[in-house]
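Quick look at structure_21.pdb (PDB, C-alpha atoms):
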```pdb
MODEL        1
ATOM      1  CA  LYS A   7     100.009 195.451 102.959  1.00  0.00           C
ATOM      2  CA  ASP A   8     100.826 197.738 105.864  1.00  0.00           C
ATOM      3  CA  LYS A   9     102.465 200.205 103.423  1.00  0.00           C
ATOM      4  CA  LEU A  10     105.872 200.367 105.071  1.00  0.00           C
ATOM      5  CA  TYR A  11     107.384 201.247 101.710  1.00  0.00           C
ATOM      6  CA  LYS A  12     110.378 203.122 103.090  1.00  0.00           C
ATOM      7  CA  ASP A  13     111.303 200.121 105.238  1.00  0.00           C
ATOM      8  CA  ALA A  14     110.881 197.796 102.255  1.00  0.00           C
ATOM      9  CA  MET A  15     113.225 199.952 100.146  1.00  0.00           C
ATOM     10  CA  THR A  16     115.815 200.146 102.909  1.00  0.00           C
ATOM     11  CA  THR A  17     115.625 196.389 103.438  1.00  0.00           C
ATOM     12  CA  ALA A  18     116.072 195.790  99.701  1.00  0.00           C
ATOM     13  CA  ARG A  19     119.126 198.073  99.630  1.00  0.00           C
ATOM     14  CA  VAL A  20     120.696 196.460 102.697  1.00  0.00           C
ATOM     15  CA  SER A  21     120.082 192.980 101.270  1.00  0.00           C
ATOM     16  CA  GLY A  22     122.339 193.787  98.312  1.00  0.00           C
ATOM     17  CA  SER A  23     120.078 191.654  96.121  1.00  0.00           C
ATOM     18  CA  THR A  24     119.317 192.820  92.602  1.00  0.00           C
ATOM     19  CA  GLU A  25     116.397 190.410  92.453  1.00  0.00           C
ATOM     20  CA  ILE A  26     114.753 191.808  95.599  1.00  0.00           C
ATOM     21  CA  ALA A  27     115.228 195.424  94.493  1.00  0.00           C
ATOM     22  CA  GLU A  28     113.800 194.763  91.029  1.00  0.00           C
ATOM     23  CA  ASP A  29     110.871 192.802  92.463  1.00  0.00           C
ATOM     24  CA  LEU A  30     110.098 195.777  94.682  1.00  0.00           C
ATOM     25  CA  LEU A  31     110.209 198.072  91.639  1.00  0.00           C
ATOM     26  CA  ARG A  32     107.773 195.760  89.859  1.00  0.00           C
ATOM     27  CA  TYR A  33     105.485 195.814  92.896  1.00  0.00           C
ATOM     28  CA  PHE A  34     105.382 199.608  92.860  1.00  0.00           C
ATOM     29  CA  VAL A  35     104.597 199.598  89.142  1.00  0.00           C
ATOM     30  CA  GLU A  36     101.845 196.991  89.503  1.00  0.00           C
ATOM     31  CA  SER A  37     100.316 198.756  92.488  1.00  0.00           C
ATOM     32  CA  GLY A  38     100.265 202.074  90.617  1.00  0.00           C
ATOM     33  CA  ASN A  39     102.659 203.904  92.921  1.00  0.00           C
ATOM     34  CA  PRO A  40     104.957 206.033  90.724  1.00  0.00           C
ATOM     35  CA  ALA A  41     106.348 208.053  93.637  1.00  0.00           C
ATOM     36  CA  CYS A  42     107.591 204.889  95.354  1.00  0.00           C
ATOM     37  CA  PHE A  43     108.941 203.611  92.021  1.00  0.00           C
ATOM     38  CA  SER A  44     111.059 206.764  91.757  1.00  0.00           C
ATOM     39  CA  ALA A  45     112.101 206.628  95.422  1.00  0.00           C
ATOM     40  CA  CYS A  46     113.111 202.983  95.049  1.00  0.00           C
ATOM     41  CA  LEU A  47     115.291 203.876  92.042  1.00  0.00           C
ATOM     42  CA  PHE A  48     117.099 206.381  94.231  1.00  0.00           C
ATOM     43  CA  THR A  49     117.365 204.075  97.242  1.00  0.00           C
ATOM     44  CA  CYS A  50     118.422 200.953  95.320  1.00  0.00           C
ATOM     45  CA  TYR A  51     120.396 202.736  92.567  1.00  0.00           C
ATOM     46  CA  ASP A  52     123.401 200.388  92.713  1.00  0.00           C
ATOM     47  CA  LEU A  53     121.254 197.249  92.687  1.00  0.00           C
ATOM     48  CA  VAL A  54     118.818 197.743  89.835  1.00  0.00           C
ATOM     49  CA  ARG A  55     119.814 197.052  86.247  1.00  0.00           C
ATOM     50  CA  SER A  56     119.290 199.910  83.830  1.00  0.00           C
ATOM     51  CA  ASP A  57     117.618 197.744  81.180  1.00  0.00           C
ATOM     52  CA  VAL A  58     115.008 196.587  83.692  1.00  0.00           C
ATOM     53  CA  VAL A  59     114.335 200.154  84.791  1.00  0.00           C
ATOM     54  CA  MET A  60     114.061 201.326  81.195  1.00  0.00           C
ATOM     55  CA  GLU A  61     111.624 198.583  80.246  1.00  0.00           C
ATOM     56  CA  LEU A  62     109.410 199.096  83.296  1.00  0.00           C
ATOM     57  CA  ALA A  63     109.358 202.858  82.810  1.00  0.00           C
ATOM     58  CA  TRP A  64     108.629 202.612  79.097  1.00  0.00           C
ATOM     59  CA  ARG A  65     105.930 199.946  79.335  1.00  0.00           C
ATOM     60  CA  HIS A  66     104.074 201.672  82.166  1.00  0.00           C
ATOM     61  CA  GLY A  67     104.452 205.341  81.248  1.00  0.00           C
ATOM     62  CA  LEU A  68     106.902 206.108  84.040  1.00  0.00           C
ATOM     63  CA  THR A  69     109.671 207.730  82.015  1.00  0.00           C
ATOM     64  CA  ASN A  70     109.344 211.015  83.907  1.00  0.00           C
ATOM     65  CA  GLU A  71     109.751 209.188  87.206  1.00  0.00           C
ATOM     66  CA  ALA A  72     112.765 207.270  85.902  1.00  0.00           C
ATOM     67  CA  MET A  73     114.492 210.231  84.241  1.00  0.00           C
ATOM     68  CA  PRO A  74     116.536 211.331  87.319  1.00  0.00           C
ATOM     69  CA  TYR A  75     117.866 207.765  87.523  1.00  0.00           C
ATOM     70  CA  PHE A  76     118.877 207.800  83.853  1.00  0.00           C
ATOM     71  CA  ILE A  77     120.444 211.252  84.046  1.00  0.00           C
ATOM     72  CA  ASN A  78     122.617 210.071  86.921  1.00  0.00           C
ATOM     73  CA  LEU A  79     123.407 206.812  85.122  1.00  0.00           C
ATOM     74  CA  VAL A  80     124.514 208.591  81.934  1.00  0.00           C
ATOM     75  CA  ARG A  81     126.680 210.966  83.951  1.00  0.00           C
ATOM     76  CA  GLU A  82     128.274 208.034  85.771  1.00  0.00           C
ATOM     77  CA  TYR A  83     129.008 206.279  82.459  1.00  0.00           C
ATOM     78  CA  GLN A  84     130.449 209.482  80.996  1.00  0.00           C
ATOM     79  CA  ASN A  85     132.788 209.820  83.979  1.00  0.00           C
ATOM     80  CA  LYS A  86     133.938 206.221  83.478  1.00  0.00           C
ATOM     81  CA  VAL A  87     134.542 206.775  79.759  1.00  0.00           C
ATOM     82  CA  ASP A  88     136.464 209.989  80.483  1.00  0.00           C
ATOM     83  CA  THR A  89     138.626 208.195  83.055  1.00  0.00           C
ATOM     84  CA  LEU A  90     139.348 205.279  80.716  1.00  0.00           C
ATOM     85  CA  THR A  91     140.143 207.623  77.825  1.00  0.00           C
ATOM     86  CA  SER A  92     142.575 209.521  80.000  1.00  0.00           C
ATOM     87  CA  GLU A  93     144.232 206.321  81.241  1.00  0.00           C
ATOM     88  CA  VAL A  94     144.593 204.952  77.702  1.00  0.00           C
ATOM     89  CA  SER A  95     146.103 208.240  76.517  1.00  0.00           C
ATOM     90  CA  ASP A  96     148.565 208.196  79.404  1.00  0.00           C
ATOM     91  CA  LEU A  97     149.534 204.590  78.665  1.00  0.00           C
ATOM     92  CA  LYS A  98     149.959 205.339  74.954  1.00  0.00           C
ATOM     93  CA  ALA A  99     152.225 208.275  75.765  1.00  0.00           C
ATOM     94  CA  LYS A 100     154.227 206.119  78.162  1.00  0.00           C
ATOM     95  CA  VAL A 101     154.672 203.389  75.519  1.00  0.00           C
ATOM     96  CA  GLU A 102     155.689 205.941  72.903  1.00  0.00           C
ATOM     97  CA  ARG A 103     158.235 207.499  75.286  1.00  0.00           C
ATOM     98  CA  SER A 104     159.718 204.152  76.274  1.00  0.00           C
ATOM     99  CA  GLY A 105     159.720 202.879  72.684  1.00  0.00           C
ATOM    100  CA  GLY A 106     161.346 206.010  71.267  1.00  0.00           C
ATOM    101  CA  SER A 107     163.979 206.484  73.974  1.00  0.00           C
ATOM    102  CA  ASN A 108     166.112 203.440  73.088  1.00  0.00           C
ATOM    103  CA  GLY A 109     165.713 203.783  69.315  1.00  0.00           C
ATOM    104  CA  ALA A 110     164.071 200.383  68.952  1.00  0.00           C
ATOM    105  CA  ALA A 111     160.758 199.994  67.251  1.00  0.00           C
ATOM    106  CA  PRO A 112     157.874 199.169  69.574  1.00  0.00           C
ATOM    107  CA  ALA A 113     156.739 195.563  69.754  1.00  0.00           C
ATOM    108  CA  ALA A 114     154.501 194.401  66.912  1.00  0.00           C
ATOM    109  CA  ASN A 115     151.415 194.632  69.064  1.00  0.00           C
ATOM    110  CA  GLY A 116     152.642 197.058  71.751  1.00  0.00           C
ATOM    111  CA  PRO A 117     150.201 199.969  71.544  1.00  0.00           C
ATOM    112  CA  ASN A 118     147.376 197.742  70.344  1.00  0.00           C
ATOM    113  CA  GLN A 119     147.860 195.565  73.382  1.00  0.00           C
ATOM    114  CA  LEU A 120     146.837 198.504  75.569  1.00  0.00           C
ATOM    115  CA  MET A 121     143.509 198.786  73.835  1.00  0.00           C
ATOM    116  CA  GLY A 122     142.599 195.129  74.271  1.00  0.00           C
ATOM    117  CA  PRO A 123     140.439 193.224  71.815  1.00  0.00           C
ATOM    118  CA  ALA A 124     138.710 195.647  69.516  1.00  0.00           C
ATOM    119  CA  GLY A 125     135.962 195.762  66.983  1.00  0.00           C
ATOM    120  CA  LEU A 126     133.898 193.003  65.542  1.00  0.00           C
ATOM    121  CA  GLY A 127     135.037 189.563  66.546  1.00  0.00           C
ATOM    122  CA  GLY A 128     137.692 190.936  68.916  1.00  0.00           C
ATOM    123  CA  ARG A 129     140.250 191.418  66.105  1.00  0.00           C
ATOM    124  CA  LEU A 130     142.815 194.148  66.267  1.00  0.00           C
ATOM    125  CA  LEU A 131     143.938 196.007  63.200  1.00  0.00           C
ATOM    126  CA  LEU A 132     147.493 195.168  62.249  1.00  0.00           C
ATOM    127  CA  GLY A 133     150.147 197.833  61.940  1.00  0.00           C
ATOM    128  CA  PRO A 134     152.033 198.655  58.732  1.00  0.00           C
ATOM    129  CA  GLY A 135     154.221 195.884  57.401  1.00  0.00           C
ATOM    130  CA  ALA A 136     152.467 193.144  59.336  1.00  0.00           C
ATOM    131  CA  PRO A 137     151.201 190.188  57.317  1.00  0.00           C
ATOM    132  CA  ALA A 138     147.456 190.080  56.885  1.00  0.00           C
ATOM    133  CA  PRO A 139     145.600 187.080  58.290  1.00  0.00           C
ATOM    134  CA  ASN A 140     144.461 184.689  55.571  1.00  0.00           C
ATOM    135  CA  ALA A 141     146.782 186.370  53.068  1.00  0.00           C
ATOM    136  CA  GLY A 142     145.582 185.610  49.563  1.00  0.00           C
ATOM    137  CA  GLY A 143     142.176 184.427  50.714  1.00  0.00           C
ATOM    138  CA  ASN A 144     138.966 186.074  51.668  1.00  0.00           C
ATOM    139  CA  LEU A 145     137.316 186.152  55.041  1.00  0.00           C
ATOM    140  CA  PHE A 146     136.236 182.535  54.669  1.00  0.00           C
ATOM    141  CA  GLY A 147     139.715 181.262  53.764  1.00  0.00           C
ATOM    142  CA  ASN A 148     139.048 180.145  50.193  1.00  0.00           C
ATOM    143  CA  ALA A 149     141.438 182.048  47.937  1.00  0.00           C
ATOM    144  CA  GLY A 150     140.027 183.358  44.683  1.00  0.00           C
ATOM    145  CA  GLN A 151     136.461 182.293  45.471  1.00  0.00           C
ATOM    146  CA  SER A 152     133.541 184.290  46.709  1.00  0.00           C
ATOM    147  CA  ALA A 153     131.999 183.459  50.031  1.00  0.00           C
ATOM    148  CA  PRO A 154     128.874 181.313  49.813  1.00  0.00           C
ATOM    149  CA  GLY A 155     125.889 183.512  49.025  1.00  0.00           C
ATOM    150  CA  SER A 156     128.011 186.617  48.574  1.00  0.00           C
ATOM    151  CA  MET A 157     127.734 189.105  45.774  1.00  0.00           C
ATOM    152  CA  SER A 158     130.941 189.052  43.801  1.00  0.00           C
ATOM    153  CA  GLY A 159     132.196 192.086  41.952  1.00  0.00           C
ATOM    154  CA  SER A 160     131.488 190.593  38.514  1.00  0.00           C
ATOM    155  CA  GLN A 161     127.760 190.537  39.237  1.00  0.00           C
ATOM    156  CA  PHE A 162     127.772 194.307  39.712  1.00  0.00           C
ATOM    157  CA  GLY A 163     130.095 195.456  36.947  1.00  0.00           C
ATOM    158  CA  GLY A 164     133.246 195.100  39.023  1.00  0.00           C
ATOM    159  CA  PHE A 165     132.091 197.203  41.958  1.00  0.00           C
TER     160      PHE A 165
ENDMDL
END
```
Mind turning the file's structure into structure tokens?
Amino acid sequence: KDKLYKDAMTTARVSGSTEIAEDLLRYFVESGNPACFSACLFTCYDLVRSDVVMELAWRHGLTNEAMPYFINLVREYQNKVDTLTSEVSDLKAKVERSGGSNGAAPAANGPNQLMGPAGLGGRLLLGPGAPAPNAGGNLFGNAGQSAPGSMSGSQFGGF
């Protein structure tokens, strides 16, 4: 009520509470104060969740005020992806060097282990020569039968 907005933003940042910072953002939106909304994004950058910011900005026509936040967020994510890509490449090279130096083949899941669970359902692709899971069956484990409700090849001329 006394419009000590700068103090409120600083207090929210010092509190370390995502809930307090996001409530303050909502207050600025509801009170029609886009400048304070933008300033709060800057002040409480590490506390606010990007999905909350995006929704508030989109629903209330504040995308221009939120854009500096999103530009910085995308840049931060790009830096993280670049760092992880570099680290994975370095680890792959290290595994290849250590695997090739003694003449032994790398472990069955050596390089894949570096990448962690991948893809849909957290399954990793198997390397050449490895037995396929559910060999002889389909995804649902019933060999020679179509999955319930699926479209088998015979219905579409073998496609």
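Our summary of the geometry notes that atom CA of Gly105 of chain A is positioned 25.5 Å from atom CA of Asp88 of chain A.
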| request: Take the point (111.5, 209.4, 96.3) as written in the file and pick out every residue within 12 Å of it, counting only C-alpha atoms; give the list as a ChimeraX atom specification. | output: /A:11-12,15,39-51,71-72,74-75
Evaluate the PyMOL selection byres ((chain A and resi 56) around 12) and report residues as a tab-separated table (two decimals) with C-alpha atoms, keeping the file's coordinate frame:
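And here is the file that came out, out_4.tsv:
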```tsv
chain	number	residue	atom	x	y	z
A	24	THR	CA	119.32	192.82	92.60
A	28	GLU	CA	113.80	194.76	91.03
A	47	LEU	CA	115.29	203.88	92.04
A	50	CYS	CA	118.42	200.95	95.32
A	51	TYR	CA	120.40	202.74	92.57
A	52	ASP	CA	123.40	200.39	92.71
A	53	LEU	CA	121.25	197.25	92.69
A	54	VAL	CA	118.82	197.74	89.84
A	55	ARG	CA	119.81	197.05	86.25
A	57	ASP	CA	117.62	197.74	81.18
A	58	VAL	CA	115.01	196.59	83.69
A	59	VAL	CA	114.34	200.15	84.79
A	60	MET	CA	114.06	201.33	81.19
A	61	GLU	CA	111.62	198.58	80.25
A	62	LEU	CA	109.41	199.10	83.30
A	63	ALA	CA	109.36	202.86	82.81
A	64	TRP	CA	108.63	202.61	79.10
A	72	ALA	CA	112.76	207.27	85.90
A	73	MET	CA	114.49	210.23	84.24
A	75	TYR	CA	117.87	207.76	87.52
A	76	PHE	CA	118.88	207.80	83.85
A	77	ILE	CA	120.44	211.25	84.05
A	78	ASN	CA	122.62	210.07	86.92
A	79	LEU	CA	123.41	206.81	85.12
A	80	VAL	CA	124.51	208.59	81.93
A	83	TYR	CA	129.01	206.28	82.46
```
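Our summary of the geometry notes that atom CA of Ala27 of chain A is positioned 15.0 Å from atom CA of Leu10 of chain A.
Counting from atom CA of Arg103 of chain A, the distance to atom CA of Asn85 of chain A is 27.0 Å.
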